[in-house]
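Structure below is protein_38.txt: compact mmCIF, C-alpha atoms and all ligand atoms.
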# COMPACT_ATOMS: atom_id res chain seq x y z
CA MET A 1 19.50 -9.62 -18.94
CA LYS A 2 21.66 -7.49 -21.15
CA ASP A 3 24.13 -6.82 -18.35
CA SER A 4 25.51 -10.35 -18.42
CA GLY A 5 25.25 -10.57 -22.21
CA PRO A 6 27.22 -9.26 -25.14
CA SER A 7 27.40 -5.65 -23.97
CA SER A 8 29.19 -6.50 -20.73
CA ARG A 9 31.54 -8.82 -22.64
CA ARG A 10 32.22 -5.96 -24.99
CA GLN A 11 32.88 -3.70 -22.04
CA LEU A 12 35.28 -6.24 -20.54
CA LEU A 13 37.12 -6.46 -23.85
CA ARG A 14 37.26 -2.68 -24.04
CA MET A 15 38.65 -2.57 -20.50
CA SER A 16 41.34 -5.18 -21.15
CA ALA A 17 42.28 -3.48 -24.40
CA ALA A 18 42.76 -0.28 -22.42
CA VAL A 19 45.37 -1.91 -20.17
CA GLY A 20 46.92 -4.03 -22.88
CA GLY A 21 45.76 -7.53 -21.95
CA GLY A 22 45.35 -7.60 -18.15
CA LEU A 23 42.56 -6.02 -16.11
CA LEU A 24 44.61 -5.60 -12.95
CA ALA A 25 47.38 -3.08 -12.92
CA ARG A 26 49.98 -4.99 -10.91
CA PRO A 27 49.57 -8.79 -11.13
CA ASP A 28 50.32 -10.44 -7.80
CA ARG A 29 52.21 -13.70 -7.29
CA PRO A 30 49.41 -16.30 -7.17
CA ARG A 31 48.65 -17.29 -3.58
CA ALA A 32 45.72 -18.82 -1.75
CA ALA A 33 43.33 -17.07 0.64
CA GLU A 34 44.70 -16.72 4.16
CA ASP A 35 41.43 -17.12 6.01
CA MET A 36 40.18 -20.68 5.64
CA PRO A 37 39.24 -22.06 9.07
CA SER A 38 39.34 -25.80 9.68
CA GLU A 39 36.78 -25.69 12.53
CA LEU A 40 33.02 -25.47 12.22
CA GLY A 41 31.68 -22.04 11.48
CA ALA A 42 28.86 -20.20 13.24
CA PRO A 43 25.49 -21.93 13.69
CA LEU A 44 22.49 -21.20 11.49
CA GLY A 45 20.47 -18.15 12.49
CA PRO A 46 16.78 -17.21 12.37
CA TYR A 47 17.24 -13.75 10.81
CA GLY A 48 20.22 -12.71 8.73
CA ASP A 49 23.06 -10.35 9.55
CA ARG A 50 25.69 -9.06 7.19
CA SER A 51 29.37 -9.92 7.54
CA PRO A 52 31.01 -8.19 10.52
CA PHE A 53 33.60 -6.92 8.03
CA GLU A 54 30.99 -4.81 6.25
CA LYS A 55 30.74 -1.38 7.85
CA ALA A 56 28.48 0.78 5.69
CA VAL A 57 25.92 2.63 7.83
CA ARG A 58 23.42 5.43 7.47
CA TRP A 59 24.72 8.85 8.40
CA ARG A 60 22.67 11.37 10.33
CA ARG A 61 23.08 14.97 11.24
CA ASP A 62 22.67 15.74 14.96
CA THR A 63 19.29 17.21 15.81
CA LYS A 64 17.88 18.54 19.08
CA THR A 65 15.56 15.56 19.29
CA PRO A 66 17.04 12.22 18.21
CA GLN A 67 13.59 11.06 17.07
CA THR A 68 13.39 13.58 14.25
CA GLY A 69 15.63 14.30 11.29
CA SER A 70 17.07 12.43 8.34
CA SER A 71 19.52 9.59 7.91
CA PHE A 72 21.29 9.07 4.61
CA THR A 73 21.91 5.92 2.55
CA PRO A 74 25.65 5.18 2.00
CA LEU A 75 25.37 5.24 -1.81
CA GLU A 76 29.17 5.04 -2.16
CA ASP A 77 28.99 1.48 -0.79
CA SER A 78 25.99 0.38 -2.85
CA VAL A 79 26.34 -2.16 -5.63
CA GLY A 80 23.64 -2.80 -8.22
CA THR A 81 20.38 -0.89 -8.01
CA LEU A 82 18.50 -1.97 -4.88
CA THR A 83 18.94 -0.50 -1.42
CA PRO A 84 18.89 -3.00 1.44
CA SER A 85 15.98 -2.15 3.74
CA SER A 86 18.42 -1.78 6.64
CA LEU A 87 20.19 1.06 4.79
CA HIS A 88 17.11 2.79 3.31
CA TYR A 89 17.25 6.49 4.09
CA GLU A 90 14.94 7.72 6.85
CA ARG A 91 13.07 10.94 7.33
CA HIS A 92 10.83 11.27 10.36
CA HIS A 93 9.08 14.36 11.62
CA SER A 94 8.12 12.91 15.01
CA GLY A 95 9.90 9.61 15.47
CA ILE A 96 9.01 6.05 14.49
CA PRO A 97 5.70 4.94 16.02
CA THR A 98 5.22 1.32 17.11
CA ILE A 99 2.03 0.13 15.45
CA ASP A 100 0.43 -3.25 16.08
CA PRO A 101 -0.89 -4.32 12.67
CA SER A 102 -3.74 -6.26 14.28
CA ARG A 103 -5.08 -2.99 15.72
CA HIS A 104 -4.33 -0.75 12.75
CA ARG A 105 -7.10 0.59 10.50
CA LEU A 106 -7.14 2.56 7.29
CA LEU A 107 -10.11 4.90 7.20
CA ILE A 108 -11.42 6.06 3.81
CA HIS A 109 -13.93 8.83 4.32
CA GLY A 110 -15.00 12.35 3.31
CA MET A 111 -16.58 12.67 -0.13
CA VAL A 112 -17.35 8.97 -0.65
CA GLU A 113 -20.66 7.07 -0.83
CA ARG A 114 -19.31 4.16 1.18
CA PRO A 115 -16.84 5.06 3.93
CA LEU A 116 -14.49 2.17 4.71
CA SER A 117 -12.45 1.16 7.73
CA LEU A 118 -10.02 -1.51 6.57
CA SER A 119 -7.91 -3.75 8.76
CA MET A 120 -4.48 -4.87 7.55
CA ALA A 121 -6.01 -8.32 6.98
CA ASP A 122 -8.67 -6.71 4.71
CA ILE A 123 -5.96 -4.94 2.73
CA ARG A 124 -3.77 -8.02 2.41
CA ARG A 125 -6.67 -9.98 0.88
CA LEU A 126 -6.88 -7.60 -2.09
CA PRO A 127 -5.09 -8.18 -5.42
CA SER A 128 -1.54 -6.92 -4.99
CA VAL A 129 1.36 -5.76 -7.15
CA SER A 130 5.14 -5.45 -6.72
CA ARG A 131 7.04 -2.57 -8.29
CA ILE A 132 10.61 -1.32 -8.00
CA PHE A 133 10.72 2.41 -7.34
CA VAL A 134 13.19 4.98 -6.13
CA LEU A 135 12.06 7.09 -3.19
CA GLU A 136 13.74 10.47 -2.91
CA CYS A 137 13.23 13.20 -0.33
CA GLY A 138 12.40 16.56 -1.91
CA GLY A 139 15.24 17.91 0.25
CA ASN A 140 17.82 15.47 -1.15
CA SER A 141 20.97 17.31 -2.30
CA GLY A 142 19.70 20.46 -0.59
CA SER A 143 23.31 21.06 0.48
CA GLU A 144 24.23 21.60 -3.19
CA TRP A 145 22.37 24.93 -3.41
CA ALA A 146 25.11 26.41 -1.19
CA ALA A 147 28.60 27.24 -2.42
CA LYS A 148 30.01 24.72 0.04
CA THR A 149 28.67 21.50 -1.42
CA ALA A 150 28.55 18.20 0.48
CA PRO A 151 31.87 16.33 0.84
CA ASP A 152 30.64 12.84 -0.02
CA VAL A 153 27.87 11.19 -2.01
CA GLN A 154 26.13 9.90 1.11
CA ARG A 155 25.57 13.44 2.33
CA SER A 156 24.96 14.97 -1.11
CA HIS A 157 22.58 12.32 -2.54
CA GLY A 158 21.83 9.79 0.22
CA LEU A 159 18.21 10.84 0.78
CA ALA A 160 17.33 8.52 -2.11
CA SER A 161 16.92 4.75 -1.98
CA CYS A 162 15.43 2.10 -4.26
CA SER A 163 13.26 -0.81 -3.13
CA GLU A 164 10.79 -3.32 -4.40
CA TRP A 165 7.47 -2.22 -2.91
CA ASN A 166 4.54 -4.54 -2.56
CA GLY A 167 0.95 -3.53 -1.99
CA VAL A 168 -2.48 -2.74 -3.37
CA PRO A 169 -3.26 -0.13 -6.03
CA LEU A 170 -4.85 2.83 -4.25
CA SER A 171 -7.35 3.17 -7.13
CA LEU A 172 -8.84 -0.19 -6.16
CA VAL A 173 -9.67 0.87 -2.62
CA LEU A 174 -10.90 4.32 -3.67
CA THR A 175 -13.21 2.74 -6.23
CA GLU A 176 -14.60 0.44 -3.51
CA ALA A 177 -15.44 3.51 -1.43
CA ARG A 178 -17.28 5.09 -4.41
CA ILE A 179 -15.96 8.59 -4.78
CA ARG A 180 -18.62 11.30 -4.87
CA SER A 181 -18.67 13.72 -7.78
CA GLY A 182 -16.90 16.94 -6.93
CA ALA A 183 -14.12 15.19 -5.00
CA ALA A 184 -10.76 16.28 -6.41
CA TRP A 185 -8.19 15.61 -3.66
CA VAL A 186 -7.20 12.82 -1.33
CA ILE A 187 -5.88 14.01 2.03
CA ALA A 188 -3.52 11.38 3.44
CA GLU A 189 -2.67 11.33 7.14
CA GLY A 190 -0.04 9.37 9.06
CA ALA A 191 -0.54 7.87 12.53
CA ASP A 192 2.76 9.26 13.89
CA ALA A 193 2.64 11.94 16.60
CA CYS A 194 2.76 14.82 14.08
CA ARG A 195 -0.12 13.26 12.08
CA MET A 196 1.71 14.18 8.92
CA GLU A 197 -0.68 15.19 6.15
CA ARG A 198 -0.38 15.67 2.42
CA SER A 199 -2.94 16.48 -0.28
CA ILE A 200 -2.85 14.37 -3.43
CA PRO A 201 -4.76 15.27 -6.60
CA LEU A 202 -7.35 12.63 -7.43
CA PRO A 203 -6.04 11.83 -10.96
CA LYS A 204 -2.66 10.75 -9.49
CA ALA A 205 -4.40 8.81 -6.70
CA MET A 206 -6.36 6.89 -9.37
CA ASP A 207 -3.27 6.38 -11.52
CA ASP A 208 -0.28 4.53 -10.05
CA ILE A 209 -0.11 5.06 -6.27
CA LEU A 210 0.41 2.00 -4.07
CA LEU A 211 -0.90 1.26 -0.60
CA ALA A 212 2.33 -0.51 0.32
CA TYR A 213 2.84 -3.04 3.09
CA GLY A 214 5.86 -4.87 1.67
CA GLN A 215 9.45 -3.86 0.97
CA ASN A 216 12.17 -6.03 -0.55
CA GLY A 217 10.37 -9.29 0.10
CA GLU A 218 9.20 -8.72 3.67
CA ALA A 219 6.96 -6.37 5.63
CA LEU A 220 7.86 -2.66 5.59
CA ARG A 221 10.44 -1.71 8.19
CA PRO A 222 9.02 0.39 11.06
CA ALA A 223 11.13 3.33 9.82
CA GLN A 224 9.57 2.98 6.35
CA GLY A 225 6.00 3.20 7.65
CA TYR A 226 5.04 -0.21 9.05
CA PRO A 227 2.43 -1.50 8.59
CA LEU A 228 1.15 0.71 5.72
CA ARG A 229 2.34 3.66 3.65
CA LEU A 230 1.77 5.42 0.37
CA ILE A 231 4.25 4.86 -2.44
CA ILE A 232 3.75 7.59 -5.02
CA PRO A 233 5.91 6.85 -8.06
CA GLY A 234 8.06 9.79 -9.10
CA TRP A 235 6.85 12.18 -6.42
CA GLU A 236 8.89 13.78 -3.65
CA GLY A 237 9.38 11.53 -0.60
CA ASN A 238 7.33 13.76 1.67
CA ALA A 239 4.03 12.99 -0.07
CA ASN A 240 4.64 9.25 0.48
CA VAL A 241 2.84 9.30 3.85
CA LYS A 242 4.03 6.59 6.24
CA TRP A 243 2.04 4.85 9.00
CA LEU A 244 -1.00 5.68 6.87
CA HIS A 245 -4.27 5.61 8.80
CA SER A 246 -6.62 8.01 6.99
CA LEU A 247 -7.51 8.98 3.43
CA LYS A 248 -10.10 11.73 3.23
CA LEU A 249 -11.68 12.69 -0.09
CA ALA A 250 -12.17 16.45 -0.44
CA ASP A 251 -12.92 19.09 -3.06
CA GLN A 252 -9.80 21.10 -2.20
CA PRO A 253 -6.30 20.55 -0.83
CA TYR A 254 -5.78 20.66 2.91
CA MET A 255 -2.93 23.20 2.78
CA ALA A 256 -1.07 21.26 5.49
CA ARG A 257 2.17 22.45 7.04
CA ASP A 258 4.22 20.18 4.77
CA GLU A 259 2.71 21.71 1.62
CA THR A 260 2.79 25.37 2.65
CA ALA A 261 5.49 26.24 5.21
CA LYS A 262 7.63 23.29 4.04
CA TYR A 263 8.13 21.44 0.77
CA THR A 264 7.35 24.48 -1.35
CA ASP A 265 9.98 26.10 -3.56
CA LEU A 266 10.70 29.77 -2.99
CA MET A 267 11.55 31.25 -6.39
CA PRO A 268 13.81 34.24 -7.11
CA ASP A 269 10.76 36.57 -7.40
CA GLY A 270 9.78 35.76 -3.82
CA LYS A 271 6.79 33.63 -4.81
CA ALA A 272 6.72 29.97 -3.84
CA ARG A 273 5.90 27.02 -6.07
CA LEU A 274 3.24 24.90 -4.35
CA PHE A 275 2.58 21.20 -4.91
CA SER A 276 5.82 20.65 -6.81
CA TYR A 277 5.60 16.91 -6.29
CA GLN A 278 7.45 15.64 -9.35
CA MET A 279 11.12 14.64 -9.07
CA GLU A 280 13.25 15.41 -12.14
CA ALA A 281 16.05 13.37 -13.74
CA LYS A 282 19.21 13.16 -11.70
CA SER A 283 22.45 11.19 -11.53
CA VAL A 284 25.64 11.03 -9.51
CA ILE A 285 28.95 9.18 -9.69
CA THR A 286 29.29 6.93 -6.63
CA PHE A 287 32.80 5.68 -7.51
CA PRO A 288 35.11 7.45 -7.43
CA SER A 289 33.38 9.98 -5.18
CA GLY A 290 34.18 12.34 -2.32
CA GLY A 291 36.15 10.78 0.54
CA GLN A 292 37.41 7.83 -1.53
CA THR A 293 41.00 7.31 -2.70
CA LEU A 294 42.32 5.68 -5.87
CA SER A 295 45.28 3.62 -4.69
CA SER A 296 47.33 4.09 -7.86
CA PRO A 297 47.02 5.29 -11.44
CA GLY A 298 45.49 2.73 -13.79
CA LEU A 299 42.19 1.37 -14.94
CA TYR A 300 39.02 1.83 -12.89
CA GLU A 301 35.36 1.24 -13.45
CA LEU A 302 33.65 4.56 -12.97
CA THR A 303 30.08 3.93 -11.77
CA GLY A 304 27.03 5.62 -10.35
CA LEU A 305 23.25 5.87 -10.22
CA ALA A 306 20.69 7.72 -12.33
CA TRP A 307 16.93 8.03 -11.92
CA SER A 308 13.97 10.17 -12.93
CA GLY A 309 10.47 10.74 -11.58
CA HIS A 310 9.29 10.94 -15.20
CA GLY A 311 10.17 7.39 -16.25
CA ARG A 312 13.16 5.54 -17.66
CA ILE A 313 16.72 6.79 -17.90
CA GLU A 314 17.55 7.07 -21.59
CA ARG A 315 21.20 8.09 -21.46
CA VAL A 316 23.97 8.92 -19.02
CA GLU A 317 27.07 10.76 -20.16
CA ILE A 318 30.29 11.11 -18.22
CA THR A 319 32.94 13.77 -18.30
CA THR A 320 36.42 13.29 -16.87
CA ASP A 321 37.70 16.70 -17.94
CA GLY A 322 35.36 19.07 -16.12
CA GLY A 323 32.62 19.10 -18.76
CA ARG A 324 34.54 19.67 -22.03
CA ASN A 325 34.01 16.16 -23.38
CA TRP A 326 31.24 13.69 -22.59
CA ALA A 327 31.25 9.92 -23.21
CA LYS A 328 28.23 7.64 -23.13
CA ALA A 329 28.14 5.32 -20.12
CA LEU A 330 26.89 1.76 -20.27
CA LEU A 331 23.45 1.44 -18.64
CA GLN A 332 22.55 -1.68 -16.69
CA GLU A 333 19.44 -3.42 -17.93
CA PRO A 334 16.61 -3.69 -17.26
CA ARG A 335 16.11 0.07 -17.06
CA LEU A 336 12.96 0.33 -14.96
CA PRO A 337 10.92 3.53 -14.93
CA ILE A 338 11.36 5.67 -11.77
CA ALA A 339 14.03 3.30 -10.40
CA PHE A 340 17.78 3.50 -9.86
CA THR A 341 19.66 2.78 -13.08
CA ARG A 342 23.30 1.76 -12.62
CA PHE A 343 25.76 3.26 -15.12
CA ARG A 344 29.36 2.30 -15.74
CA LEU A 345 32.35 3.41 -17.80
CA PRO A 346 35.93 2.13 -17.83
CA TRP A 347 38.32 4.96 -17.08
CA ARG A 348 42.09 5.24 -16.94
CA PHE A 349 43.33 7.49 -14.12
CA ASP A 350 46.67 8.71 -15.33
CA GLY A 351 47.76 10.36 -12.09
CA ARG A 352 46.72 13.85 -13.16
CA GLU A 353 43.95 15.91 -11.54
CA ALA A 354 40.57 15.18 -13.13
CA VAL A 355 37.12 16.69 -12.59
CA ILE A 356 34.47 14.04 -13.18
CA ALA A 357 30.67 14.20 -13.40
CA SER A 358 27.63 12.43 -14.85
CA ARG A 359 24.67 13.85 -16.77
CA ALA A 360 21.38 11.95 -17.11
CA THR A 361 18.70 12.22 -19.81
CA ASP A 362 15.32 10.60 -19.21
CA GLU A 363 12.81 9.19 -21.67
CA SER A 364 10.91 12.49 -21.78
CA GLY A 365 14.07 14.03 -23.29
CA TYR A 366 14.78 16.09 -20.15
CA VAL A 367 18.49 16.61 -19.55
CA GLN A 368 19.92 17.01 -16.04
CA PRO A 369 21.05 20.65 -15.79
CA THR A 370 24.32 22.09 -14.57
CA ARG A 371 24.23 23.73 -11.16
CA ASP A 372 24.50 27.18 -12.83
CA ALA A 373 21.61 26.48 -15.23
CA LEU A 374 19.45 25.28 -12.35
CA ILE A 375 20.22 28.33 -10.23
CA ALA A 376 19.58 30.66 -13.20
CA VAL A 377 15.94 29.51 -13.14
CA ARG A 378 15.36 28.64 -9.51
CA GLY A 379 17.65 31.04 -7.65
CA THR A 380 19.05 29.95 -4.30
CA ASN A 381 16.08 30.66 -2.00
CA SER A 382 14.96 27.10 -2.44
CA ALA A 383 15.82 24.16 -0.22
CA TYR A 384 14.16 21.46 -2.33
CA HIS A 385 14.33 19.69 -5.70
CA TYR A 386 18.03 20.11 -6.43
CA ASN A 387 19.03 17.91 -9.36
CA GLY A 388 22.11 19.66 -10.78
CA ILE A 389 25.17 17.88 -12.14
CA LYS A 390 27.52 16.85 -9.31
CA LEU A 391 31.26 17.31 -9.85
CA TRP A 392 33.97 15.38 -8.03
CA LYS A 393 37.66 16.26 -8.16
CA VAL A 394 40.15 13.40 -8.39
CA HIS A 395 43.47 14.81 -7.18
CA ALA A 396 46.86 13.74 -8.52
CA ASP A 397 47.47 11.68 -5.35
CA GLY A 398 44.22 9.74 -5.95
CA THR A 399 42.15 11.39 -3.21
CA VAL A 400 38.65 12.53 -4.22
CA THR A 401 36.88 15.63 -2.91
CA ASN A 402 33.82 17.73 -3.65
CA VAL A 403 34.23 20.75 -5.89
CA GLU A 404 33.34 23.89 -4.02
CA VAL A 405 31.79 26.51 -6.22
N1 LIG A 501 3.63 9.95 8.62
C1 LIG A 501 4.77 10.40 8.09
N2 LIG A 501 5.02 10.18 6.79
C2 LIG A 501 6.16 10.62 6.22
C3 LIG A 501 7.12 11.35 6.98
C4 LIG A 501 6.85 11.55 8.36
O1 LIG A 501 7.64 12.13 9.11
N3 LIG A 501 5.66 11.08 8.89
N4 LIG A 501 8.24 11.83 6.35
C5 LIG A 501 8.11 12.07 4.91
C6 LIG A 501 9.33 12.44 4.25
S1 LIG A 501 9.81 14.05 4.38
C7 LIG A 501 10.01 11.57 3.44
S2 LIG A 501 11.33 12.07 2.52
C8 LIG A 501 9.63 10.14 3.37
C9 LIG A 501 10.77 9.29 3.88
O2 LIG A 501 10.48 7.93 3.80
P1 LIG A 501 11.51 6.90 4.43
O3 LIG A 501 11.79 7.31 5.85
O4 LIG A 501 10.86 5.57 4.30
O5 LIG A 501 12.75 6.98 3.61
O6 LIG A 501 8.49 9.83 4.14
C10 LIG A 501 7.52 10.85 4.20
N5 LIG A 501 6.37 10.36 4.90
MO MO A 502 11.45 14.47 2.75
Mind converting the file's structure to structure tokens?
Ligand SMILES: Nc1nc2c(c(=O)[nH]1)N[C@H]1C(S)=C(S)[C@@H](COP(=O)(O)O)O[C@H]1N2
Ligand SMILES: [Mo]
Amino acid sequence: MKDSGPSSRRQLLRMSAAVGGGLLARPDRPRAAEDMPSELGAPLGPYGDRSPFEKAVRWRRDTKTPQTGSSFTPLEDSVGTLTPSSLHYERHHSGIPTIDPSRHRLLIHGMVERPLSLSMADIRRLPSVSRIFVLECGGNSGSEWAAKTAPDVQRSHGLASCSEWNGVPLSLVLTEARIRSGAAWVIAEGADACRMERSIPLPKAMDDILLAYGQNGEALRPAQGYPLRLIIPGWEGNANVKWLHSLKLADQPYMARDETAKYTDLMPDGKARLFSYQMEAKSVITFPSGGQTLSSPGLYELTGLAWSGHGRIERVEITTDGGRNWAKALLQEPRLPIAFTRFRLPWRFDGREAVIASRATDESGYVQPTRDALIAVRGTNSAYHYNGIKLWKVHADGTVTNVEV
């Protein structure tokens, strides 16, 4: 991988050149670690836990019912590009159902010649694939439409996570059911109490959607839709129906609550965009970001995440002077389409206030817009699909805050 090859060596050289030989600002007197026990450690365990010293957790806003709402991935604590399943963001409209996989069925019906009722065992026998994809709620960064933007990256961008998903191509199962001519939509329904429904155009259903049962090397977590969910590459989280129990072929969309009253984009002219599934290119600096503190002036690795529903990230640029100058960040390889791409840039904090931000360009040539450019087109009626450039202010004392606009 390129990341451990010449480019990262070059980056290291660039970083040491920037500090004149040493990477660390104040070299310490060499001393050994203080915590080396001489007794036996803890016994082996059946299922892993992280170190008790690691504290990163999902954050959630209080809601009237604790079963509903969203919890946000602590992106400021993430390293690399994958989100641990235990920190994957959650969005539930009626709580997390407990589903026994031995009793679960997926029904494929409606405009098909051969209706199917598949058990999980049936599905697991089919040829499977594994793909790394970002999942992002259409409401991610919704706080950024307001003048008072979110104070940290968990709350501003944490409704996005990246996993390896494992499952069966939806096209395979639909082909088995023999779609009748005239069918143009697949209506997906979840088995949770709200029976969440979304309508998916048939061409996308036959393209790259996964019937996923695996996540990061094990079964889906209950919160992620155990035992079966849709993974729809590049499309807003909401359409990725969890606890999937029914796919109905139809000649028109269902016009469900979550594609009419919700998850539509109210434009400045008062009309709403419907079926705006596609997520655009987006990026955010995760270090340094709101709530963090730089302990002293000196050299830092500025880093963050970029992704696009349209494919690969082509370029990420970084400004440290509020948008006047932009420098190209180093992108971690491999750059997978519709997945988190880690970017990095060495940066010297000289103890003066700095406004920093990242700007992503994807392989379609689309450039992440400024907040003003986005609002010029979309207005501020909308709650969804915010992908504007996110600014952080590094204060002279090293504290980092959001930039209120
Ligand atoms: N059945 C069902 N599917 C659902 C939801 C739900 O509440 N019920 N929430 C949707 C929303 S709004 C999002 S953003 C994603 C969240 O997936 P996650 O909880 O695995 O992150 O699932 C979608 N699928
Ligand atoms: Mo969502």
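Using all atoms listed in the file, the smallest distance between any of A:Gln368, A:Thr73, A:Thr361, A:Thr260 and Glu197 (chain A) comes from A:Thr260.
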**Report entry** Selection within 12 Å of ligand MO 502 (chain A) by only C-alpha atoms and all ligand atoms, output as a VMD selection string
**Finding:** chain A and resid 68 to 72 89 to 93 135 to 142 158 to 160 196 198 235 to 242 258 to 259 262 to 264 277 279 383 to 385
Query - Minimum-distance residue to Asp192 (chain A), chosen among A:Pro74, A:Gly48, A:Pro127, A:Pro227 (using all atoms listed in the file) - result: A:Pro227
Requested in this report: Could you jot down the CA of Arg257 (chain A) to CA of Arg221 (chain A) separation for me, Å, one decimal place?
Outcome: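 Interatomic distance here is 25.6 Å.
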As AutoDock Vina command-line options, please report the centre and edge lengths, rounded to one decimal in Å, of the axis-aligned box that holds all listed atoms of region 38-56 of chain A with 6 Å of padding on each of the six sides.
--center_x 28.1 --center_y -12.5 --center_z 9.7 --size_x 34.6 --size_y 38.6 --size_z 20.0
Requested in this report: Work out how far apart CA of Gly379 (chain A) and CA of Gly234 (chain A) are and give it in Å to one decimal.
Outcome: 23.4 Å
Report summary line: Between A:Ser171, A:Asn166, A:Gln224, A:Thr293, smallest distance to ligand LIG 501 (chain A) by all atoms listed in the file belongs to A:Gln224
Please reconstruct the missing atoms of region 121-127 of chain A (target: all heavy atoms) and return them as an mmCIF file, in the coordinates of the input.
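This is the output file part-v7.cif:
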data_model
loop_
_atom_site.group_PDB
_atom_site.id
_atom_site.type_symbol
_atom_site.label_atom_id
_atom_site.label_comp_id
_atom_site.auth_asym_id
_atom_site.auth_seq_id
_atom_site.Cartn_x
_atom_site.Cartn_y
_atom_site.Cartn_z
ATOM 1 N N ALA A 121 -5.592 -7.032 7.580
ATOM 2 C CA ALA A 121 -6.010 -8.320 6.980
ATOM 3 C C ALA A 121 -6.910 -8.055 5.769
ATOM 4 O O ALA A 121 -6.778 -8.729 4.739
ATOM 5 C CB ALA A 121 -6.720 -9.173 8.022
ATOM 6 N N ASP A 122 -7.810 -7.073 5.863
ATOM 7 C CA ASP A 122 -8.670 -6.710 4.710
ATOM 8 C C ASP A 122 -7.792 -6.301 3.528
ATOM 9 O O ASP A 122 -8.020 -6.709 2.388
ATOM 10 C CB ASP A 122 -9.577 -5.515 5.051
ATOM 11 C CG ASP A 122 -10.627 -5.835 6.111
ATOM 12 O OD1 ASP A 122 -11.002 -7.018 6.224
ATOM 13 O OD2 ASP A 122 -11.056 -4.883 6.805
ATOM 14 N N ILE A 123 -6.802 -5.472 3.804
ATOM 15 C CA ILE A 123 -5.960 -4.940 2.730
ATOM 16 C C ILE A 123 -5.123 -6.050 2.091
ATOM 17 O O ILE A 123 -4.990 -6.132 0.876
ATOM 18 C CB ILE A 123 -5.066 -3.793 3.272
ATOM 19 C CG1 ILE A 123 -5.956 -2.597 3.637
ATOM 20 C CG2 ILE A 123 -3.996 -3.391 2.269
ATOM 21 C CD1 ILE A 123 -5.273 -1.511 4.430
ATOM 22 N N ARG A 124 -4.621 -6.933 2.927
ATOM 23 C CA ARG A 124 -3.770 -8.020 2.410
ATOM 24 C C ARG A 124 -4.530 -9.049 1.587
ATOM 25 O O ARG A 124 -3.922 -9.833 0.876
ATOM 26 C CB ARG A 124 -3.022 -8.692 3.564
ATOM 27 C CG ARG A 124 -1.863 -7.832 4.057
ATOM 28 C CD ARG A 124 -0.909 -8.688 4.837
ATOM 29 N NE ARG A 124 0.306 -7.977 5.201
ATOM 30 C CZ ARG A 124 1.525 -8.417 4.897
ATOM 31 N NH1 ARG A 124 1.675 -9.524 4.205
ATOM 32 N NH2 ARG A 124 2.587 -7.746 5.284
ATOM 33 N N ARG A 125 -5.878 -9.050 1.696
ATOM 34 C CA ARG A 125 -6.670 -9.980 0.880
ATOM 35 C C ARG A 125 -6.844 -9.474 -0.555
ATOM 36 O O ARG A 125 -7.205 -10.243 -1.440
ATOM 37 C CB ARG A 125 -8.062 -10.154 1.488
ATOM 38 C CG ARG A 125 -8.072 -11.091 2.663
ATOM 39 C CD ARG A 125 -9.434 -11.155 3.289
ATOM 40 N NE ARG A 125 -10.475 -11.535 2.331
ATOM 41 C CZ ARG A 125 -11.751 -11.691 2.673
ATOM 42 N NH1 ARG A 125 -12.125 -11.495 3.916
ATOM 43 N NH2 ARG A 125 -12.643 -12.040 1.772
ATOM 44 N N LEU A 126 -6.600 -8.199 -0.773
ATOM 45 C CA LEU A 126 -6.880 -7.600 -2.090
ATOM 46 C C LEU A 126 -5.786 -7.949 -3.098
ATOM 47 O O LEU A 126 -4.644 -8.239 -2.714
ATOM 48 C CB LEU A 126 -7.004 -6.078 -1.942
ATOM 49 C CG LEU A 126 -8.154 -5.613 -1.036
ATOM 50 C CD1 LEU A 126 -8.053 -4.113 -0.782
ATOM 51 C CD2 LEU A 126 -9.502 -5.959 -1.665
ATOM 52 N N PRO A 127 -6.113 -7.906 -4.387
ATOM 53 C CA PRO A 127 -5.090 -8.180 -5.420
ATOM 54 C C PRO A 127 -3.923 -7.208 -5.267
ATOM 55 O O PRO A 127 -4.136 -5.999 -5.135
ATOM 56 C CB PRO A 127 -5.835 -7.927 -6.738
ATOM 57 C CG PRO A 127 -7.279 -7.937 -6.398
ATOM 58 C CD PRO A 127 -7.413 -7.569 -4.958
#
